[in-house]
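Data block for start-v4.cif (mmCIF, C-alpha atoms):
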data_model
loop_
_atom_site.label_atom_id
_atom_site.label_comp_id
_atom_site.auth_asym_id
_atom_site.auth_seq_id
_atom_site.Cartn_x
_atom_site.Cartn_y
_atom_site.Cartn_z
CA ASN K 1 0.00 0.00 0.00
CA GLU K 2 1.03 3.65 -0.25
CA VAL K 3 2.29 4.05 3.32
CA LYS K 4 4.46 0.95 3.12
CA SER K 5 5.81 2.02 -0.26
CA ASP K 6 6.75 5.42 1.17
CA LEU K 7 8.54 3.76 4.07
CA ALA K 8 10.38 1.46 1.69
CA GLY K 9 11.60 4.52 -0.19
CA ASP K 10 13.22 5.79 3.01
CA CYS K 11 15.31 2.63 3.40
CA PRO K 12 18.98 2.72 2.36
CA PRO K 13 19.34 1.58 -1.27
CA GLU K 14 21.85 -1.11 -0.32
CA VAL K 15 19.29 -2.80 1.96
CA PRO K 16 16.98 -5.23 0.10
CA THR K 17 13.39 -4.18 0.75
CA TRP K 18 10.14 -5.91 -0.18
CA VAL K 19 6.60 -4.56 0.12
CA LEU K 20 4.26 -7.54 0.39
CA GLY K 21 0.85 -5.90 0.27
CA SER K 22 -2.06 -5.09 2.54
CA ASN K 23 -4.02 -7.04 5.15
CA ARG K 24 -7.01 -7.51 2.86
CA ARG K 25 -8.16 -11.10 3.04
CA ARG K 26 -7.93 -11.68 -0.70
CA ASN K 27 -4.26 -10.64 -0.67
CA ARG K 28 -3.28 -12.30 2.64
CA PHE K 29 -2.34 -15.70 1.24
CA ARG K 30 -0.47 -14.14 -1.68
CA SER K 31 1.57 -11.98 0.72
CA TRP K 32 2.28 -14.95 2.98
CA ARG K 33 3.46 -17.05 0.04
CA ALA K 34 5.71 -14.18 -1.10
CA LEU K 35 7.14 -13.97 2.43
CA ARG K 36 8.02 -17.68 2.37
CA GLY K 37 9.69 -17.20 -1.00
CA ILE K 38 11.76 -14.31 0.34
CA ILE K 39 12.84 -16.36 3.38
CA ASN K 40 13.78 -19.27 1.14
CA GLY K 41 15.82 -17.07 -1.19
CA PHE K 42 17.30 -14.57 1.26
CA LYS K 43 18.05 -17.20 3.93
CA PRO K 44 18.00 -14.85 6.94
CA ASP K 45 19.34 -15.83 10.34
CA VAL K 46 16.46 -14.07 12.10
CA VAL K 47 12.89 -13.24 11.09
CA HIS K 48 11.50 -10.43 13.24
CA ALA K 49 7.71 -9.94 13.31
CA ARG K 50 7.31 -6.52 14.84
CA SER K 51 3.60 -6.45 15.71
CA THR K 52 1.01 -8.98 16.83
CA GLY K 53 -0.79 -8.64 13.48
CA ALA K 54 2.26 -10.16 11.77
CA TRP K 55 3.02 -12.86 14.33
CA PHE K 56 0.97 -15.66 12.74
CA ASP K 57 2.18 -14.96 9.20
CA ALA K 58 5.81 -14.97 10.31
CA ALA K 59 5.45 -18.06 12.51
CA THR K 60 3.87 -20.11 9.73
CA ALA K 61 6.25 -18.76 7.08
CA VAL K 62 9.34 -20.02 8.95
CA LEU K 63 7.97 -23.53 9.42
CA ARG K 64 10.43 -26.12 8.08
CA PHE K 65 13.21 -23.52 7.87
CA ASN K 66 15.01 -25.06 10.82
CA ARG K 67 17.96 -22.66 10.93
CA VAL K 68 15.81 -19.51 10.91
CA ARG K 69 15.22 -17.98 14.35
CA LEU K 70 11.84 -16.34 14.95
CA LEU K 71 11.69 -13.12 16.98
CA LEU K 72 8.31 -11.63 17.90
CA SER K 73 7.90 -8.20 19.43
CA PHE K 74 5.07 -6.51 21.27
CA HIS K 75 4.95 -2.71 21.23
CA GLY K 76 1.62 -1.92 22.83
CA ARG K 77 -2.12 -1.91 22.31
CA THR K 78 -4.33 0.15 20.04
CA SER K 79 -7.49 -0.62 22.04
CA VAL K 80 -8.40 -1.00 25.69
CA GLU K 81 -10.74 -3.87 24.81
CA PRO K 82 -9.36 -7.34 25.70
CA ILE K 83 -8.47 -9.55 22.76
CA GLY K 84 -10.86 -12.37 21.85
CA TRP K 85 -10.24 -16.04 22.53
CA ALA K 86 -9.34 -16.79 18.90
CA ARG K 87 -6.63 -14.13 18.76
CA ARG K 88 -5.39 -15.16 22.20
CA THR K 89 -5.10 -18.78 21.04
CA ILE K 90 -3.19 -17.72 17.92
CA ASN K 91 -0.87 -15.52 19.96
CA ARG K 92 -0.16 -18.36 22.39
CA TRP K 93 0.73 -20.68 19.51
CA THR K 94 3.01 -18.15 17.84
CA THR K 95 4.89 -17.33 21.06
CA GLN K 96 5.46 -21.05 21.58
CA ARG K 97 7.10 -21.17 18.14
CA ALA K 98 9.29 -18.11 18.79
CA CYS K 99 12.89 -18.23 19.95
CA ALA K 100 12.43 -14.91 21.76
CA VAL K 101 9.69 -12.36 22.44
CA LEU K 102 10.72 -8.72 22.65
CA THR K 103 8.81 -6.15 24.69
CA VAL K 104 9.40 -2.43 25.15
CA SER K 105 8.64 -2.37 28.88
CA GLN K 106 8.89 -4.66 31.88
CA GLU K 107 5.15 -4.20 32.43
CA ALA K 108 4.45 -5.57 28.93
CA ALA K 109 6.72 -8.56 29.59
CA GLN K 110 4.80 -9.36 32.76
CA MET K 111 1.52 -9.03 30.87
CA LEU K 112 2.66 -11.51 28.19
CA ARG K 113 3.72 -13.97 30.88
CA ARG K 114 0.36 -13.60 32.60
CA GLU K 115 -1.93 -13.59 29.56
CA LEU K 116 -0.08 -15.79 27.06
CA GLY K 117 2.10 -17.90 29.30
CA VAL K 118 5.34 -16.80 27.65
CA PRO K 119 8.29 -18.27 29.61
CA ALA K 120 10.52 -15.76 31.34
CA ASP K 121 13.62 -17.05 29.53
CA LYS K 122 12.07 -16.14 26.17
CA LEU K 123 11.28 -12.56 27.13
CA VAL K 124 13.64 -9.69 26.34
CA THR K 125 12.91 -6.05 27.19
CA VAL K 126 14.42 -3.23 25.14
CA PRO K 127 12.80 0.20 25.69
CA ASN K 128 12.29 2.43 22.67
CA GLY K 129 15.03 4.87 21.78
CA VAL K 130 15.04 8.52 20.77
CA ASP K 131 17.40 10.58 18.64
CA THR K 132 18.50 13.12 21.23
CA SER K 133 20.32 15.23 18.63
CA LEU K 134 17.14 15.70 16.58
CA PHE K 135 14.86 15.98 19.60
CA CYS K 136 16.53 18.56 21.81
CA PRO K 137 15.65 21.82 23.58
CA ALA K 138 15.47 25.04 21.58
CA ASP K 139 18.80 26.83 21.24
CA ALA K 140 17.35 30.18 22.29
CA ASP K 141 14.10 31.89 23.28
CA ALA K 142 14.05 33.53 19.87
CA ASP K 143 13.62 30.09 18.25
CA VAL K 144 10.61 29.39 20.45
CA LEU K 145 9.06 32.76 19.62
CA SER K 146 9.61 32.19 15.91
CA ILE K 147 7.80 28.83 15.97
CA ARG K 148 4.96 30.28 18.03
CA HIS K 149 4.61 33.14 15.57
CA ARG K 150 4.21 30.64 12.70
CA LEU K 151 1.54 28.82 14.70
CA HIS K 152 -0.24 32.09 15.60
CA LEU K 153 0.29 31.48 19.30
CA PRO K 154 0.71 34.32 21.79
CA ALA K 155 4.36 34.77 22.67
CA SER K 156 3.56 34.61 26.39
CA ALA K 157 1.16 31.65 26.18
CA ASP K 158 1.44 28.68 28.54
CA VAL K 159 1.52 25.89 25.96
CA ALA K 160 0.84 22.19 26.50
CA VAL K 161 1.25 19.76 23.61
CA CYS K 162 -0.12 16.26 23.08
CA VAL K 163 1.28 14.14 20.24
CA ALA K 164 -0.93 11.11 19.71
CA ASN K 165 -3.21 9.30 17.31
CA LEU K 166 -6.79 10.39 17.90
CA LEU K 167 -7.96 6.99 19.16
CA PRO K 168 -10.08 6.10 22.21
CA ILE K 169 -7.11 4.50 23.98
CA LYS K 170 -5.29 7.86 24.03
CA GLY K 171 -7.90 9.51 26.29
CA ILE K 172 -7.89 12.84 24.43
CA ASP K 173 -11.54 13.44 25.31
CA LEU K 174 -10.56 13.50 28.98
CA LEU K 175 -7.91 16.11 28.23
CA VAL K 176 -10.38 18.31 26.31
CA ARG K 177 -12.88 18.16 29.18
CA ALA K 178 -10.16 19.07 31.66
CA TRP K 179 -9.09 22.11 29.63
CA ARG K 180 -12.07 24.40 30.27
CA PRO K 181 -11.37 24.79 34.03
CA ILE K 182 -7.70 25.33 33.18
CA VAL K 183 -8.35 28.30 30.90
CA MET K 184 -10.78 29.76 33.44
CA ALA K 185 -7.82 29.96 35.84
CA ASP K 186 -5.14 30.65 33.22
CA PRO K 187 -6.43 32.52 30.13
CA LEU K 188 -3.00 32.16 28.52
CA ALA K 189 -3.20 28.36 28.54
CA ARG K 190 -3.12 26.77 25.07
CA LEU K 191 -3.32 23.12 24.06
CA LEU K 192 -1.84 21.77 20.82
CA LEU K 193 -3.19 18.41 19.62
CA VAL K 194 -0.80 16.90 17.09
CA GLY K 195 -2.03 13.81 15.28
CA GLU K 196 -4.89 12.36 13.27
CA GLY K 197 -7.41 9.62 13.79
CA PRO K 198 -11.04 8.56 13.58
CA LEU K 199 -12.07 10.63 16.63
CA ARG K 200 -11.08 14.00 15.18
CA SER K 201 -14.55 15.25 14.25
CA GLU K 202 -15.98 14.02 17.54
CA LEU K 203 -13.22 15.76 19.49
CA GLU K 204 -13.66 18.98 17.51
CA SER K 205 -17.35 18.97 18.44
CA LEU K 206 -16.42 18.41 22.06
CA VAL K 207 -14.04 21.39 21.95
CA GLU K 208 -16.88 23.56 20.62
CA ARG K 209 -19.24 22.40 23.36
CA GLN K 210 -16.54 23.17 25.93
CA ARG K 211 -16.23 26.68 24.40
CA CYS K 212 -12.49 26.12 23.94
CA THR K 213 -12.01 26.66 20.21
CA GLN K 214 -9.61 29.55 20.78
CA PHE K 215 -7.66 27.63 23.41
CA ILE K 216 -7.28 24.19 21.75
CA ARG K 217 -5.68 23.73 18.32
CA PHE K 218 -5.87 20.62 16.11
CA LEU K 219 -2.66 20.52 14.09
CA GLY K 220 -3.14 17.15 12.36
CA THR K 221 -0.24 15.06 11.13
CA ARG K 222 3.01 17.04 11.20
CA GLU K 223 6.50 16.42 9.86
CA ASP K 224 7.99 19.02 12.21
CA ILE K 225 7.37 17.36 15.57
CA PRO K 226 10.65 18.65 17.08
CA SER K 227 9.49 22.21 16.39
CA MET K 228 6.07 21.54 17.95
CA LEU K 229 7.78 20.31 21.10
CA LYS K 230 10.25 23.20 21.22
CA ALA K 231 7.36 25.68 21.01
CA SER K 232 5.70 24.11 24.07
CA ASP K 233 6.11 24.31 27.82
CA LEU K 234 5.03 20.80 28.75
CA PHE K 235 3.85 17.51 27.26
CA VAL K 236 0.66 15.67 28.21
CA LEU K 237 -0.53 12.18 27.27
CA PRO K 238 -3.66 10.92 29.12
CA SER K 239 -3.63 7.40 27.61
CA TRP K 240 -5.45 4.42 29.05
CA TYR K 241 -2.46 2.28 28.08
CA GLU K 242 1.07 2.81 26.74
CA GLY K 243 3.82 0.28 26.09
CA CYS K 244 6.81 2.60 25.74
CA SER K 245 5.57 5.90 24.36
CA ASN K 246 7.83 7.30 21.63
CA SER K 247 6.16 10.71 21.85
CA THR K 248 6.89 10.82 25.59
CA LEU K 249 10.56 10.04 24.98
CA GLU K 250 10.72 12.72 22.28
CA ALA K 251 9.20 15.27 24.65
CA MET K 252 11.64 14.35 27.42
CA ALA K 253 14.55 14.69 24.98
CA CYS K 254 13.29 18.19 24.14
CA GLY K 255 13.40 19.13 27.81
CA LEU K 256 9.66 19.11 28.43
CA PRO K 257 8.14 17.92 31.71
CA VAL K 258 5.66 15.09 31.12
CA ILE K 259 2.18 14.65 32.52
CA GLY K 260 0.72 11.22 31.85
CA CYS K 261 -1.36 8.47 33.37
CA GLU K 262 -0.06 5.77 35.66
CA VAL K 263 -0.49 2.96 33.14
CA GLY K 264 1.66 0.39 31.34
CA GLY K 265 5.22 1.42 30.61
CA MET K 266 4.67 5.09 31.52
CA ARG K 267 5.80 4.21 35.05
CA GLU K 268 9.14 3.10 33.57
CA LEU K 269 9.65 6.35 31.64
CA VAL K 270 8.40 9.04 34.01
CA THR K 271 9.76 9.44 37.52
CA PRO K 272 7.04 11.31 39.49
CA HIS K 273 8.08 14.78 40.65
CA ARG K 274 11.46 14.39 38.96
CA THR K 275 10.86 14.05 35.18
CA GLY K 276 7.10 14.58 35.27
CA TRP K 277 3.87 13.63 36.98
CA LEU K 278 1.55 10.62 36.70
CA VAL K 279 -2.16 10.72 37.53
CA PRO K 280 -4.70 7.89 37.80
CA PRO K 281 -6.16 6.99 34.38
CA GLY K 282 -9.54 8.58 33.75
CA ASP K 283 -9.19 11.07 36.63
CA GLN K 284 -10.16 14.35 34.97
CA GLU K 285 -9.83 16.43 38.13
CA ALA K 286 -6.32 15.15 38.92
CA LEU K 287 -5.24 15.65 35.30
CA GLY K 288 -6.56 19.22 35.22
CA SER K 289 -5.11 20.29 38.56
CA THR K 290 -1.70 18.80 37.74
CA LEU K 291 -1.66 20.53 34.35
CA LEU K 292 -2.65 23.87 35.81
CA ALA K 293 -0.05 23.73 38.58
CA ALA K 294 2.69 22.91 36.06
CA LEU K 295 1.59 25.58 33.58
CA LEU K 296 1.69 28.26 36.27
CA ASP K 297 5.13 27.38 37.67
CA ARG K 298 7.88 28.12 35.15
CA ASN K 299 10.72 27.26 37.53
CA VAL K 300 9.35 23.82 38.30
CA ARG K 301 8.78 23.17 34.61
CA ARG K 302 12.37 24.00 33.78
CA ARG K 303 13.78 21.86 36.59
CA VAL K 304 11.62 18.84 35.76
CA GLY K 305 12.17 19.26 32.01
CA ALA K 306 15.95 19.36 32.46
CA ALA K 307 15.81 16.13 34.48
CA GLY K 308 13.74 14.53 31.71
CA ARG K 309 16.29 15.57 29.08
CA ASP K 310 19.07 14.09 31.21
CA ALA K 311 17.18 10.79 31.58
CA ALA K 312 16.49 10.59 27.83
CA VAL K 313 20.16 11.11 26.98
CA LYS K 314 21.48 8.67 29.60
CA HIS K 315 18.98 5.83 29.27
CA PHE K 316 17.00 6.09 26.02
CA GLY K 317 19.42 7.33 23.36
CA ILE K 318 19.07 5.83 19.89
CA ASP K 319 22.63 4.46 19.99
CA THR K 320 21.78 2.45 23.10
CA TRP K 321 18.64 1.16 21.41
CA VAL K 322 20.57 0.06 18.31
CA ALA K 323 23.25 -1.65 20.40
CA ARG K 324 20.66 -3.63 22.36
CA HIS K 325 18.91 -4.80 19.20
CA THR K 326 22.21 -5.70 17.58
CA ALA K 327 23.18 -7.80 20.59
CA LEU K 328 19.80 -9.55 20.52
CA TYR K 329 20.03 -10.35 16.78
CA ARG K 330 23.59 -11.65 17.18
CA ARG K 331 22.58 -13.86 20.10
CA LEU K 332 19.68 -15.34 18.17
CA ALA K 333 21.83 -15.86 15.08
CA GLY K 334 24.35 -17.74 17.19
#
If you convert what's in this file into structure tokens, what do you get?
Amino acid sequence: NEVKSDLAGDCPPEVPTWVLGSNRRRNRFRSWRALRGIINGFKPDVVHARSTGAWFDAATAVLRFNRVRLLLSFHGRTSVEPIGWARRTINRWTTQRACAVLTVSQEAAQMLRRELGVPADKLVTVPNGVDTSLFCPADADADVLSIRHRLHLPASADVAVCVANLLPIKGIDLLVRAWRPIVMADPLARLLLVGEGPLRSELESLVERQRCTQFIRFLGTREDIPSMLKASDLFVLPSWYEGCSNSTLEAMACGLPVIGCEVGGMRELVTPHRTGWLVPPGDQEALGSTLLAALLDRNVRRRVGAAGRDAAVKHFGIDTWVARHTALYRRLAG
């Protein structure tokens, strides 16, 4: 499909790349057969299925290729609804076939042990990484003012940003509802929503009902995420679940304090009162009061943001992420 083709175009030319098609049922078998042909011809040491939707295809494609090692990875959920028994059964079978199962948080590893019975010796945890040279604090206040000018934001605004797909699991409706009391106390408060998704029209209607159209901006899909973060004072993500949030890591690398919910891997990224704050999921009052307190205290924001930047550089740099994956691939390849 178009998205996959675009991603393939970004790959280095010396790296063989195949685009196998979509998930449409009529093309599924054709794509699976092509995958087996690629494995047979390319003869990889490791086949890595990066999401649960690809687990079954990869597990069946490597059957009878005895020297090929199967690596599955779990990066999070797109829905708060529990998976059905059929999918659970398939996932159990595929994890039994795998040589290793990669997760991006310790919480996710524990969940796979509990829900799918994955043995502890198969589980490997490698948190996501962030390019801390691309995602970094603004060089000067003038840079921040320039970005805000392009976005038609007041220079003195107290700006919170949320980078997320507009899906139910992200809890953006809770954030919108919490924003009206915030602007009543802080008329300079502004919220930037960066991302697209099926809930956009519903959320826009909610913003109108909350009488917050001048205080909340929908910016859609952006290619300049580092600039959006540099123009902001703090980052907020009220998700019902996160594995290891890339957008949170990017915000921390840009020196922004983080406000999120105490769910999933967020507890492994955010140290409360040091690199950010965590509130109970679904607690609108706690989310709003924490946001308001942070927006009104510039000194605290700077201290907490600096600690977040330091944590991102020390523990979540992209070089560390690459080294951990390289070590895992080499171990599996033997």
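Nearest to K:Ala138 of all the residues K:Val194, K:Ala293, K:Met228, K:Ala311 is K:Met228, based on all atoms listed in the file.
Applied to this file, the PyMOL selection byres ((chain K and resi 329) around 10) selects K:Asp45, K:Val46, K:Val47, K:His48, K:Arg69, K:Leu71, K:Ala323, K:Arg324, K:His325, K:Thr326, K:Ala327, K:Leu328, K:Arg330, K:Arg331, K:Leu332, K:Ala333, K:Gly334.
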Could you spell out the hits of the PyMOL selection byres ((chain K and resi 17) around 12) on the shown file, as a PDB file with C-alpha atoms, keeping the file's coordinate frame?
ATOM      1  CA  LYS K   4       4.460   0.950   3.120  1.00  0.00           C
ATOM      2  CA  SER K   5       5.810   2.020  -0.260  1.00  0.00           C
ATOM      3  CA  ASP K   6       6.750   5.420   1.170  1.00  0.00           C
ATOM      4  CA  LEU K   7       8.540   3.760   4.070  1.00  0.00           C
ATOM      5  CA  ALA K   8      10.380   1.460   1.690  1.00  0.00           C
ATOM      6  CA  GLY K   9      11.600   4.520  -0.190  1.00  0.00           C
ATOM      7  CA  ASP K  10      13.220   5.790   3.010  1.00  0.00           C
ATOM      8  CA  CYS K  11      15.310   2.630   3.400  1.00  0.00           C
ATOM      9  CA  PRO K  12      18.980   2.720   2.360  1.00  0.00           C
ATOM     10  CA  PRO K  13      19.340   1.580  -1.270  1.00  0.00           C
ATOM     11  CA  GLU K  14      21.850  -1.110  -0.320  1.00  0.00           C
ATOM     12  CA  VAL K  15      19.290  -2.800   1.960  1.00  0.00           C
ATOM     13  CA  PRO K  16      16.980  -5.230   0.100  1.00  0.00           C
ATOM     14  CA  TRP K  18      10.140  -5.910  -0.180  1.00  0.00           C
ATOM     15  CA  VAL K  19       6.600  -4.560   0.120  1.00  0.00           C
ATOM     16  CA  LEU K  20       4.260  -7.540   0.390  1.00  0.00           C
ATOM     17  CA  LEU K  35       7.140 -13.970   2.430  1.00  0.00           C
ATOM     18  CA  ILE K  38      11.760 -14.310   0.340  1.00  0.00           C
ATOM     19  CA  PHE K  42      17.300 -14.570   1.260  1.00  0.00           C
TER      20      PHE K  42
END
Ground truth for the PyMOL selection byres ((chain K and resi 53) around 12), written as an MDAnalysis selection string: chainID K and resid 22:23 28 49:52 54:59 72:78 87:88 90:91 94
Atom CA of K:Val322 to atom CA of K:Pro257, straight-line distance in Å: 25.6 Å
Non-local contacts of K:Cys261 (9 Å; all atoms listed in the file; under 2 positions in same chain excluded) as a count of residues only: 18
Nearby residues (only C-alpha atoms) at most 7 Å from stretch 103-118 of chain K, same-chain spacing under 6 positions excluded, as a VMD selection string: chain K and resid 73 to 75 92 95 124 to 128 243 to 244 264 to 265
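Between atom CA of K:Ala253 and atom CA of K:Ala312 there is a distance of 5.4 Å.
Distances from K:Asp131, K:Glu204, K:Ala294, K:Arg97 to K:Trp321 were compared using all atoms listed in the file, and the smallest one belongs to K:Asp131.
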For K:Met184, the nearest of the candidates K:Asp233, K:Lys314, K:Arg211, K:Glu262, counting all atoms listed in the file: K:Arg211
Within-8 Å shell of (2.6, 28.1, 19.7) in input frame, all atoms listed in the file, as an MDAnalysis selection string: chainID K and resid 145 147:155 157 159 190 192 228 231:232
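Across the model, the gap from atom CA of K:Gln284 to atom CA of K:Ser79 is 20.0 Å.
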Near-K:Ala251 list (9 Å; only C-alpha atoms; drop same-chain fewer than 2 positions) as a count of residues only: 20
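Closest to K:Val207 among K:Asp173, K:Asp297, K:Asp224, K:Glu81 is K:Asp173, based on only C-alpha atoms.
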